file input-v1.txt (compact mmCIF, C-alpha atoms)
# COMPACT_ATOMS: atom_id res chain seq x y z
CA MET A 481 45.59 13.65 20.64
CA ARG A 482 48.99 12.63 21.87
CA LYS A 483 51.72 12.26 19.15
CA ARG A 484 53.12 8.79 18.86
CA GLU A 485 56.88 8.59 19.50
CA LYS A 486 59.26 6.47 17.37
CA PRO A 487 60.65 3.48 19.02
CA MET A 488 64.22 3.84 20.33
CA TYR A 489 65.63 1.13 18.14
CA MET A 490 64.38 2.94 15.05
CA THR A 491 66.34 6.01 16.04
CA VAL A 492 69.48 3.96 16.57
CA ILE A 493 69.07 2.22 13.24
CA PHE A 494 68.57 5.55 11.47
CA LYS A 495 71.71 7.03 12.98
CA TYR A 496 73.69 3.93 12.10
CA VAL A 497 72.51 3.94 8.51
CA THR A 498 73.24 7.63 8.24
CA GLY A 499 76.78 7.13 9.61
CA VAL A 500 77.45 4.24 7.27
CA THR A 501 76.25 6.29 4.33
CA VAL A 502 78.52 9.21 5.24
CA PHE A 503 81.48 6.87 5.79
CA ALA A 504 80.82 5.14 2.48
CA GLY A 505 80.76 8.50 0.73
CA MET A 506 83.98 9.60 2.32
CA PHE A 507 85.58 6.25 1.50
CA ALA A 508 84.46 6.58 -2.10
CA ILE A 509 85.98 10.06 -2.29
CA MET A 510 89.25 8.82 -0.75
CA LEU A 511 89.30 5.82 -3.07
CA THR A 512 88.78 8.05 -6.08
CA ALA A 513 91.58 10.37 -4.95
CA SER A 514 93.90 7.44 -4.26
CA THR A 515 93.16 5.95 -7.66
CA ALA A 516 93.92 9.26 -9.37
CA LEU A 517 97.16 9.61 -7.40
CA ALA A 518 98.12 6.03 -8.23
CA ASN A 519 97.44 6.65 -11.91
CA GLU A 520 99.53 9.82 -11.77
CA ASN A 521 102.38 7.99 -10.02
CA CYS A 522 102.14 5.18 -12.55
CA LEU A 523 102.46 7.64 -15.41
CA PHE A 524 105.45 9.27 -13.67
CA TRP A 525 107.24 5.97 -13.19
CA LYS A 526 106.44 4.89 -16.74
CA SER A 527 107.94 8.16 -18.00
CA SER A 528 110.97 7.74 -15.74
CA LEU A 529 111.38 4.16 -16.92
CA GLY A 530 111.34 5.35 -20.53
CA ILE A 531 113.99 7.98 -19.80
CA CYS A 532 116.15 5.44 -17.97
CA THR A 533 115.76 2.98 -20.84
CA LYS A 534 116.83 5.68 -23.33
CA GLU A 535 119.82 6.69 -21.19
CA LEU A 536 120.77 3.04 -20.76
CA THR A 537 120.75 2.67 -24.55
CA VAL A 538 123.01 5.74 -24.88
CA CYS A 539 125.37 4.38 -22.22
CA THR A 540 125.46 1.02 -23.96
CA THR A 541 126.34 2.73 -27.25
CA LYS A 542 129.09 4.75 -25.58
CA LEU A 543 130.40 1.61 -23.90
CA LEU A 544 130.62 -0.10 -27.28
CA VAL A 545 132.49 2.93 -28.69
CA CYS A 546 134.88 2.94 -25.71
CA THR A 547 135.45 -0.79 -26.12
CA LYS A 548 136.21 -0.26 -29.80
CA ASN A 549 138.57 2.62 -29.00
CA LEU A 550 140.27 0.51 -26.33
CA CYS A 551 140.84 -2.23 -28.88
CA GLY A 552 142.28 0.39 -31.24
CA CYS A 553 144.58 1.67 -28.49
CA LYS A 554 145.78 -1.85 -27.78
CA THR A 555 146.49 -2.35 -31.48
CA ASN A 556 148.37 0.96 -31.64
CA LEU A 557 150.28 0.04 -28.49
CA ASN A 558 151.31 -3.26 -30.03
CA THR A 559 152.39 -1.40 -33.18
CA CYS A 560 154.37 1.11 -31.12
CA THR A 561 156.01 -1.72 -29.21
CA ASP A 562 157.01 -3.37 -32.48
CA ASP A 563 158.32 -0.04 -33.81
CA LEU A 564 160.28 0.53 -30.59
CA GLU A 565 161.86 -2.91 -30.80
CA ALA A 566 162.76 -2.25 -34.44
CA ALA A 567 164.24 1.16 -33.53
CA GLN A 568 166.27 -0.39 -30.71
CA SER A 569 167.58 -2.99 -33.12
CA GLU A 570 168.55 -0.29 -35.62
CA LEU A 571 170.19 1.71 -32.83
CA GLN A 572 172.30 -1.28 -31.86
CA THR A 573 173.28 -1.70 -35.50
CA CYS A 574 174.21 2.00 -35.74
CA GLU A 575 176.23 1.79 -32.54
CA GLY A 576 178.07 -1.18 -33.95
CA ASP A 577 178.75 0.72 -37.18
CA LEU A 578 179.89 3.75 -35.19
CA GLN A 579 182.32 1.66 -33.17
CA GLY A 580 183.59 0.20 -36.40
CA CYS A 581 184.10 3.68 -37.84
CA GLN A 582 185.78 4.94 -34.70
CA SER A 583 188.20 2.03 -34.77
CA LYS A 584 189.31 2.99 -38.30
CA ALA A 585 191.49 5.95 -39.22
CA ARG A 586 189.76 7.65 -42.13
CA VAL A 587 192.02 9.36 -44.67
CA PRO A 588 191.11 12.97 -45.53
CA LYS A 589 190.93 14.38 -49.03
CA THR A 590 194.15 15.76 -50.49
CA GLY A 591 192.45 18.93 -51.68
CA GLN A 592 193.43 18.23 -55.29
CA THR A 593 190.71 19.12 -57.80
CA TYR A 594 192.83 19.19 -60.98
CA SER A 595 192.48 15.98 -62.97
CA LEU A 596 194.74 14.62 -65.72
CA ALA A 597 192.92 11.34 -66.29
CA SER A 598 189.69 9.60 -65.39
CA GLY A 599 190.03 7.81 -62.05
CA ASP A 600 192.90 9.94 -60.73
CA ASP A 601 192.76 11.81 -57.42
CA GLY A 602 191.52 15.06 -58.94
CA ASP A 603 188.71 13.15 -60.65
CA LEU A 604 187.57 10.98 -57.72
CA GLN A 605 188.44 13.32 -54.82
CA LEU A 606 188.02 10.54 -52.28
CA GLY A 607 188.52 10.88 -48.55
CA VAL A 608 187.06 12.70 -45.58
CA PRO A 609 185.67 16.08 -46.75
CA TRP A 610 187.34 19.19 -45.40
CA PRO A 611 185.28 21.24 -42.95
CA SER A 612 184.32 24.82 -43.64
CA PRO A 613 186.20 26.77 -42.51
CA ARG A 614 189.26 24.57 -42.66
CA PHE A 615 191.20 26.65 -40.11
CA THR A 616 190.12 28.92 -37.26
CA ASN A 617 192.27 31.78 -35.98
CA SER A 618 191.72 31.63 -32.21
CA GLY A 619 193.04 35.16 -31.66
CA ASN A 620 195.58 34.04 -29.05
CA GLY A 621 198.52 33.22 -31.28
CA THR A 622 197.14 29.81 -32.26
CA VAL A 623 195.26 28.38 -35.25
CA THR A 624 193.00 25.33 -34.95
CA ASP A 625 192.79 22.87 -37.84
CA ASN A 626 189.10 21.92 -37.93
CA LEU A 627 189.90 18.79 -39.94
CA THR A 628 192.37 17.19 -37.54
CA GLY A 629 191.70 19.11 -34.32
CA LEU A 630 195.39 20.01 -34.06
CA ILE A 631 196.36 23.43 -32.70
CA TRP A 632 199.23 25.11 -34.53
CA LEU A 633 201.39 28.07 -33.62
CA GLN A 634 200.14 30.89 -35.85
CA ASN A 635 203.68 32.19 -36.39
CA ALA A 636 205.24 29.55 -38.64
CA ASN A 637 208.76 30.98 -38.27
CA CYS A 638 209.26 32.09 -34.70
CA PHE A 639 212.52 30.21 -34.11
CA GLY A 640 214.39 30.50 -37.41
CA LEU A 641 216.68 27.73 -38.67
CA LYS A 642 217.52 25.05 -36.11
CA LEU A 643 219.27 21.72 -35.83
CA TRP A 644 216.87 18.85 -35.21
CA ASP A 645 217.78 18.55 -31.50
CA GLU A 646 217.38 22.31 -31.12
CA ALA A 647 214.02 22.19 -32.90
CA MET A 648 212.76 19.49 -30.52
CA ALA A 649 213.82 21.56 -27.49
CA ALA A 650 212.40 24.81 -28.87
CA ALA A 651 208.98 23.28 -29.52
CA SER A 652 208.84 21.59 -26.12
CA GLY A 653 209.82 24.78 -24.28
CA LEU A 654 207.23 26.99 -26.00
CA LYS A 655 204.78 28.67 -23.60
CA ASP A 656 202.38 31.56 -23.10
CA GLY A 657 204.17 34.86 -23.76
CA ASP A 658 206.45 33.37 -26.44
CA CYS A 659 205.93 33.90 -30.18
CA GLY A 660 202.79 36.00 -29.63
CA LEU A 661 201.03 33.36 -27.51
CA THR A 662 198.33 34.38 -25.03
CA ASP A 663 196.76 30.93 -24.72
CA GLY A 664 197.84 30.11 -21.17
CA SER A 665 200.04 27.24 -22.33
CA VAL A 666 203.07 26.12 -20.35
CA ALA A 667 206.32 24.49 -21.32
CA GLY A 668 205.65 20.89 -22.29
CA ASN A 669 202.26 21.56 -23.89
CA TRP A 670 203.81 22.07 -27.32
CA ARG A 671 205.86 19.65 -29.39
CA LEU A 672 207.43 19.13 -32.80
CA PRO A 673 204.80 17.60 -35.15
CA ASN A 674 205.24 14.19 -36.72
CA VAL A 675 205.52 13.88 -40.48
CA ARG A 676 201.84 12.97 -40.98
CA GLU A 677 200.74 16.02 -39.00
CA LEU A 678 202.88 18.32 -41.14
CA GLU A 679 201.57 16.67 -44.30
CA SER A 680 197.98 17.18 -43.09
CA LEU A 681 198.46 20.93 -43.64
CA ILE A 682 199.18 20.48 -47.34
CA ASP A 683 196.57 21.41 -49.94
CA TYR A 684 197.76 19.60 -53.05
CA LYS A 685 195.90 21.77 -55.52
CA PHE A 686 198.28 24.63 -54.70
CA TRP A 687 202.02 25.17 -54.79
CA GLY A 688 204.27 28.03 -53.72
CA PRO A 689 202.95 27.47 -51.03
CA ALA A 690 200.88 24.28 -50.98
CA LEU A 691 198.61 25.70 -48.28
CA SER A 692 195.02 26.91 -48.28
CA ASN A 693 193.55 29.95 -46.62
CA ALA A 694 191.47 29.74 -43.43
CA ALA A 695 188.25 29.08 -45.34
CA GLY A 696 189.89 26.30 -47.36
CA THR A 697 188.64 27.89 -50.58
CA ALA A 698 191.78 29.61 -51.89
CA GLN A 699 195.55 29.66 -51.53
CA TRP A 700 197.21 30.88 -48.35
CA SER A 701 198.19 34.51 -48.04
CA GLU A 702 200.05 36.22 -45.20
CA GLY A 703 197.98 36.14 -42.00
CA ASP A 704 195.20 33.98 -43.49
CA PRO A 705 195.39 32.21 -41.15
CA PHE A 706 199.15 31.63 -40.61
CA SER A 707 201.95 34.17 -40.66
CA ASN A 708 205.60 33.94 -41.73
CA VAL A 709 205.23 30.61 -43.57
CA VAL A 710 208.57 29.75 -45.20
CA ILE A 711 208.05 28.97 -48.88
CA ASP A 712 211.67 28.81 -50.03
CA TYR A 713 211.84 26.06 -52.67
CA THR A 714 215.43 25.05 -51.89
CA ASN A 715 215.55 25.26 -48.11
CA GLY A 716 212.01 25.98 -46.94
CA TYR A 717 211.53 22.73 -45.05
CA TYR A 718 210.12 22.09 -41.59
CA TRP A 719 211.45 19.48 -39.19
CA SER A 720 209.21 16.61 -38.13
CA SER A 721 209.67 14.51 -35.02
CA THR A 722 209.54 11.33 -37.11
CA ARG A 723 212.84 9.52 -37.41
CA TYR A 724 213.83 7.71 -40.57
CA THR A 725 214.95 4.27 -39.47
CA TYR A 726 217.61 3.78 -42.11
CA ALA A 727 220.78 5.82 -41.59
CA ASP A 728 219.35 7.35 -38.41
CA GLY A 729 217.66 10.12 -40.40
CA VAL A 730 214.64 12.40 -39.92
CA TRP A 731 211.68 13.32 -42.14
CA TRP A 732 211.03 16.92 -43.11
CA VAL A 733 208.24 18.56 -45.12
CA GLY A 734 208.42 21.52 -47.50
CA MET A 735 205.58 24.03 -47.68
CA PHE A 736 206.45 25.21 -51.18
CA SER A 737 205.20 22.07 -52.95
CA GLY A 738 204.21 19.80 -50.06
CA ASP A 739 207.04 17.33 -50.64
CA SER A 740 208.35 15.11 -47.84
CA LEU A 741 212.03 14.18 -47.71
CA PHE A 742 214.35 12.54 -45.25
CA GLY A 743 217.99 12.85 -44.39
CA PRO A 744 220.49 12.62 -41.56
CA ALA A 745 219.96 14.72 -38.45
CA HIS A 746 223.49 16.02 -38.02
CA GLU A 747 225.06 19.41 -37.44
CA SER A 748 225.14 20.41 -41.09
CA VAL A 749 221.34 20.17 -41.58
CA ILE A 750 219.14 23.01 -40.33
CA PHE A 751 215.44 23.56 -40.99
CA TYR A 752 212.49 25.47 -39.58
CA VAL A 753 210.30 24.77 -36.54
CA TRP A 754 206.48 24.78 -36.52
CA PRO A 755 205.17 23.63 -33.10
CA VAL A 756 201.81 21.91 -32.61
CA ARG A 757 199.51 20.95 -29.73
CA GLY A 758 196.86 18.26 -29.31
CA GLY A 759 196.38 15.11 -31.33
CA GLN A 760 195.13 11.63 -30.47
call {"tool": "encode", "arguments": {"input": "input-v1.txt", "output": "structure tokens"}}
result
Amino acid sequence: MRKREKPMYMTVIFKYVTGVTVFAGMFAIMLTASTALANENCLFWKSSLGICTKELTVCTTKLLVCTKNLCGCKTNLNTCTDDLEAAQSELQTCEGDLQGCQSKARVPKTGQTYSLASGDDGDLQLGVPWPSPRFTNSGNGTVTDNLTGLIWLQNANCFGLKLWDEAMAAASGLKDGDCGLTDGSVAGNWRLPNVRELESLIDYKFWGPALSNAAGTAQWSEGDPFSNVVIDYTNGYYWSSTRYTYADGVWWVGMFSGDSLFGPAHESVIFYVWPVRGGQ
């Protein structure tokens, strides 16, 4: 008996249904995979969003701290500015005081420490303090007075007794090579001191002579710092360049007791010469 064949359309329908079924299965598999991937990506982005949110919070906190620090810096800057203005004001005041001091001649101490009564010189000891050391031997035939800045010839009796005119000329002509000098000085650098300059050497707590040693702590002795200082009570005076207006006289200063006297500058009066350099 002859087998009955399926109609052609049935075969086509079967193949179509089979293809659709396979496609649907593949689509379902792809959809499942896509869903899983989407879920995984969603979890990743959620995690990333959480991290970003946390980092944003940290950044915000740091920003607040920086803002607070910036405010503190501004406050400190304002304080510094105020302090600077105050310091500048004080500096101007100090400069004014300094100019005032520089315009005034301050009187040094006499050196006297012996007191006879309350309120006397030995008790109060007023004046500009003496430096330590008082004198410096420069090693070139000169001695510098650290109180006045004057430079004295170390040899206090290089010229012997002179008339006043002779004393003026001797002091002015002094130069390197004379009287033990190796200071490079030339004629005209030295001069006869005025009466105040001679008196500035006196230490009134001593007598015979009224001079201190280089340190300013004890009485003068030969070579400390000066040499050949004349301490003759009757005639041990040094000429000054200061004239005494009345009677056309001149002042002189004795190193024995530190006394200052005046008298005529004529041919019968001779005293000693102690040249000096410097001075304002």
call {"tool": "residues_near_point", "arguments": {"input": "input-v1.txt", "point": "(193.8, 30.5, -33.3)", "cutoff": "10 Å", "atoms": "all atoms listed in the file", "output": "JSON, numbers by chain"}}
result
{"A": [615, 616, 617, 618, 619, 620, 621, 622, 623, 624, 625, 631, 632, 633, 634, 661, 663, 705, 706]}
call {"tool": "atom_distance", "arguments": {"input": "input-v1.txt", "atom1": "atom CA of Lys655 of chain A", "atom2": "atom CA of Tyr752 of chain A"}}
result
18.0 Å
call {"tool": "atom_distance", "arguments": {"input": "input-v1.txt", "atom1": "atom CA of Glu565 of chain A", "atom2": "atom CA of Cys551 of chain A"}}
result
21.1 Å
call {"tool": "closest_residue", "arguments": {"input": "input-v1.txt", "among": "A:Ala698, A:Val675, A:Leu517, A:Val710", "to": "Cys638 of chain A", "atoms": "all atoms listed in the file"}}
result
A:Val710
call {"tool": "closest_residue", "arguments": {"input": "input-v1.txt", "among": "A:Ile531, A:Tyr684, A:Phe639, A:Asp563", "to": "Val709 of chain A", "atoms": "all atoms listed in the file"}}
result
A:Phe639
call {"tool": "residues_around", "arguments": {"input": "input-v1.txt", "residues": "Gly734 of chain A", "least_positions_apart": "4", "cutoff": "7 Å", "atoms": "all atoms listed in the file", "output": "mmCIF file with C-alpha atoms, in the coordinates of the input"}}
result
data_model
loop_
_atom_site.group_PDB
_atom_site.id
_atom_site.type_symbol
_atom_site.label_atom_id
_atom_site.label_comp_id
_atom_site.auth_asym_id
_atom_site.auth_seq_id
_atom_site.Cartn_x
_atom_site.Cartn_y
_atom_site.Cartn_z
ATOM 1 C CA GLY A 716 212.010 25.980 -46.940
ATOM 2 C CA TYR A 717 211.530 22.730 -45.050
ATOM 3 C CA TYR A 718 210.120 22.090 -41.590
ATOM 4 C CA GLY A 738 204.210 19.800 -50.060
ATOM 5 C CA ASP A 739 207.040 17.330 -50.640
ATOM 6 C CA SER A 740 208.350 15.110 -47.840
#
call {"tool": "axis_aligned_box", "arguments": {"input": "input-v1.txt", "around": "segment 678-697 of chain A", "padding_each_side": "3 Å", "output": "AutoDock Vina command-line options"}}
result
--center_x 196.3 --center_y 23.3 --center_z -48.3 --size_x 22.0 --size_y 19.3 --size_z 20.4
call {"tool": "residues_near_point", "arguments": {"input": "input-v1.txt", "point": "(204.0, 20.9, -29.4)", "cutoff": "8 Å", "atoms": "all atoms listed in the file", "output": "number ranges by chain"}}
result
A: 651-652, 654, 668-673, 755-758
call {"tool": "atom_distance", "arguments": {"input": "input-v1.txt", "atom1": "atom CA of Ser680 of chain A", "atom2": "atom CA of Thr628 of chain A"}}
result
7.9 Å
call {"tool": "closest_residue", "arguments": {"input": "input-v1.txt", "among": "A:Gly653, A:Gly640, A:Leu564, A:Trp610", "to": "Ser692 of chain A", "atoms": "all atoms listed in the file"}}
result
A:Trp610
call {"tool": "closest_residue", "arguments": {"input": "input-v1.txt", "among": "A:Asn708, A:Ser748, A:Thr561, A:Ser721", "to": "Asn635 of chain A", "atoms": "all atoms listed in the file"}}
result
A:Asn708
call {"tool": "closest_residue", "arguments": {"input": "input-v1.txt", "among": "A:Val608, A:Ala567, A:Ala667, A:Val753", "to": "Ala636 of chain A", "atoms": "only C-alpha atoms"}}
result
A:Val753
call {"tool": "build_atoms", "arguments": {"input": "input-v1.txt", "residues": "segment 584-598 of chain A", "atoms": "N, CA and C atoms", "output": "PDB file, in the coordinates of the input"}}
result
ATOM      1  N   LYS A 584     188.576   2.862 -37.051  1.00  0.00           N
ATOM      2  CA  LYS A 584     189.310   2.990 -38.300  1.00  0.00           C
ATOM      3  C   LYS A 584     189.754   4.440 -38.493  1.00  0.00           C
ATOM      4  N   ALA A 585     190.978   4.614 -38.931  1.00  0.00           N
ATOM      5  CA  ALA A 585     191.490   5.950 -39.220  1.00  0.00           C
ATOM      6  C   ALA A 585     191.117   6.307 -40.653  1.00  0.00           C
ATOM      7  N   ARG A 586     190.215   7.261 -40.802  1.00  0.00           N
ATOM      8  CA  ARG A 586     189.760   7.650 -42.130  1.00  0.00           C
ATOM      9  C   ARG A 586     190.709   8.679 -42.727  1.00  0.00           C
ATOM     10  N   VAL A 587     191.053   8.502 -43.983  1.00  0.00           N
ATOM     11  CA  VAL A 587     192.020   9.360 -44.670  1.00  0.00           C
ATOM     12  C   VAL A 587     191.294  10.573 -45.256  1.00  0.00           C
ATOM     13  N   PRO A 588     191.767  11.787 -44.978  1.00  0.00           N
ATOM     14  CA  PRO A 588     191.110  12.970 -45.530  1.00  0.00           C
ATOM     15  C   PRO A 588     191.430  13.167 -47.007  1.00  0.00           C
ATOM     16  N   LYS A 589     190.655  14.015 -47.650  1.00  0.00           N
ATOM     17  CA  LYS A 589     190.930  14.380 -49.030  1.00  0.00           C
ATOM     18  C   LYS A 589     192.270  15.109 -49.123  1.00  0.00           C
ATOM     19  N   THR A 590     192.884  15.051 -50.296  1.00  0.00           N
ATOM     20  CA  THR A 590     194.150  15.760 -50.490  1.00  0.00           C
ATOM     21  C   THR A 590     193.929  17.232 -50.797  1.00  0.00           C
ATOM     22  N   GLY A 591     192.731  17.562 -51.252  1.00  0.00           N
ATOM     23  CA  GLY A 591     192.450  18.930 -51.680  1.00  0.00           C
ATOM     24  C   GLY A 591     192.614  19.110 -53.176  1.00  0.00           C
ATOM     25  N   GLN A 592     193.199  18.118 -53.851  1.00  0.00           N
ATOM     26  CA  GLN A 592     193.430  18.230 -55.290  1.00  0.00           C
ATOM     27  C   GLN A 592     192.120  18.144 -56.069  1.00  0.00           C
ATOM     28  N   THR A 593     191.905  19.110 -56.952  1.00  0.00           N
ATOM     29  CA  THR A 593     190.710  19.120 -57.800  1.00  0.00           C
ATOM     30  C   THR A 593     191.078  19.084 -59.288  1.00  0.00           C
ATOM     31  N   TYR A 594     192.381  19.209 -59.591  1.00  0.00           N
ATOM     32  CA  TYR A 594     192.830  19.190 -60.980  1.00  0.00           C
ATOM     33  C   TYR A 594     193.039  17.739 -61.415  1.00  0.00           C
ATOM     34  N   SER A 595     192.418  17.357 -62.504  1.00  0.00           N
ATOM     35  CA  SER A 595     192.480  15.980 -62.970  1.00  0.00           C
ATOM     36  C   SER A 595     193.189  15.892 -64.319  1.00  0.00           C
ATOM     37  N   LEU A 596     194.059  14.889 -64.450  1.00  0.00           N
ATOM     38  CA  LEU A 596     194.740  14.620 -65.720  1.00  0.00           C
ATOM     39  C   LEU A 596     194.149  13.420 -66.437  1.00  0.00           C
ATOM     40  N   ALA A 597     193.489  12.541 -65.684  1.00  0.00           N
ATOM     41  CA  ALA A 597     192.920  11.340 -66.290  1.00  0.00           C
ATOM     42  C   ALA A 597     191.752  10.850 -65.444  1.00  0.00           C
ATOM     43  N   SER A 598     190.836  10.158 -66.096  1.00  0.00           N
ATOM     44  CA  SER A 598     189.690   9.600 -65.390  1.00  0.00           C
ATOM     45  C   SER A 598     190.167   8.585 -64.347  1.00  0.00           C
TER      46      SER A 598
END
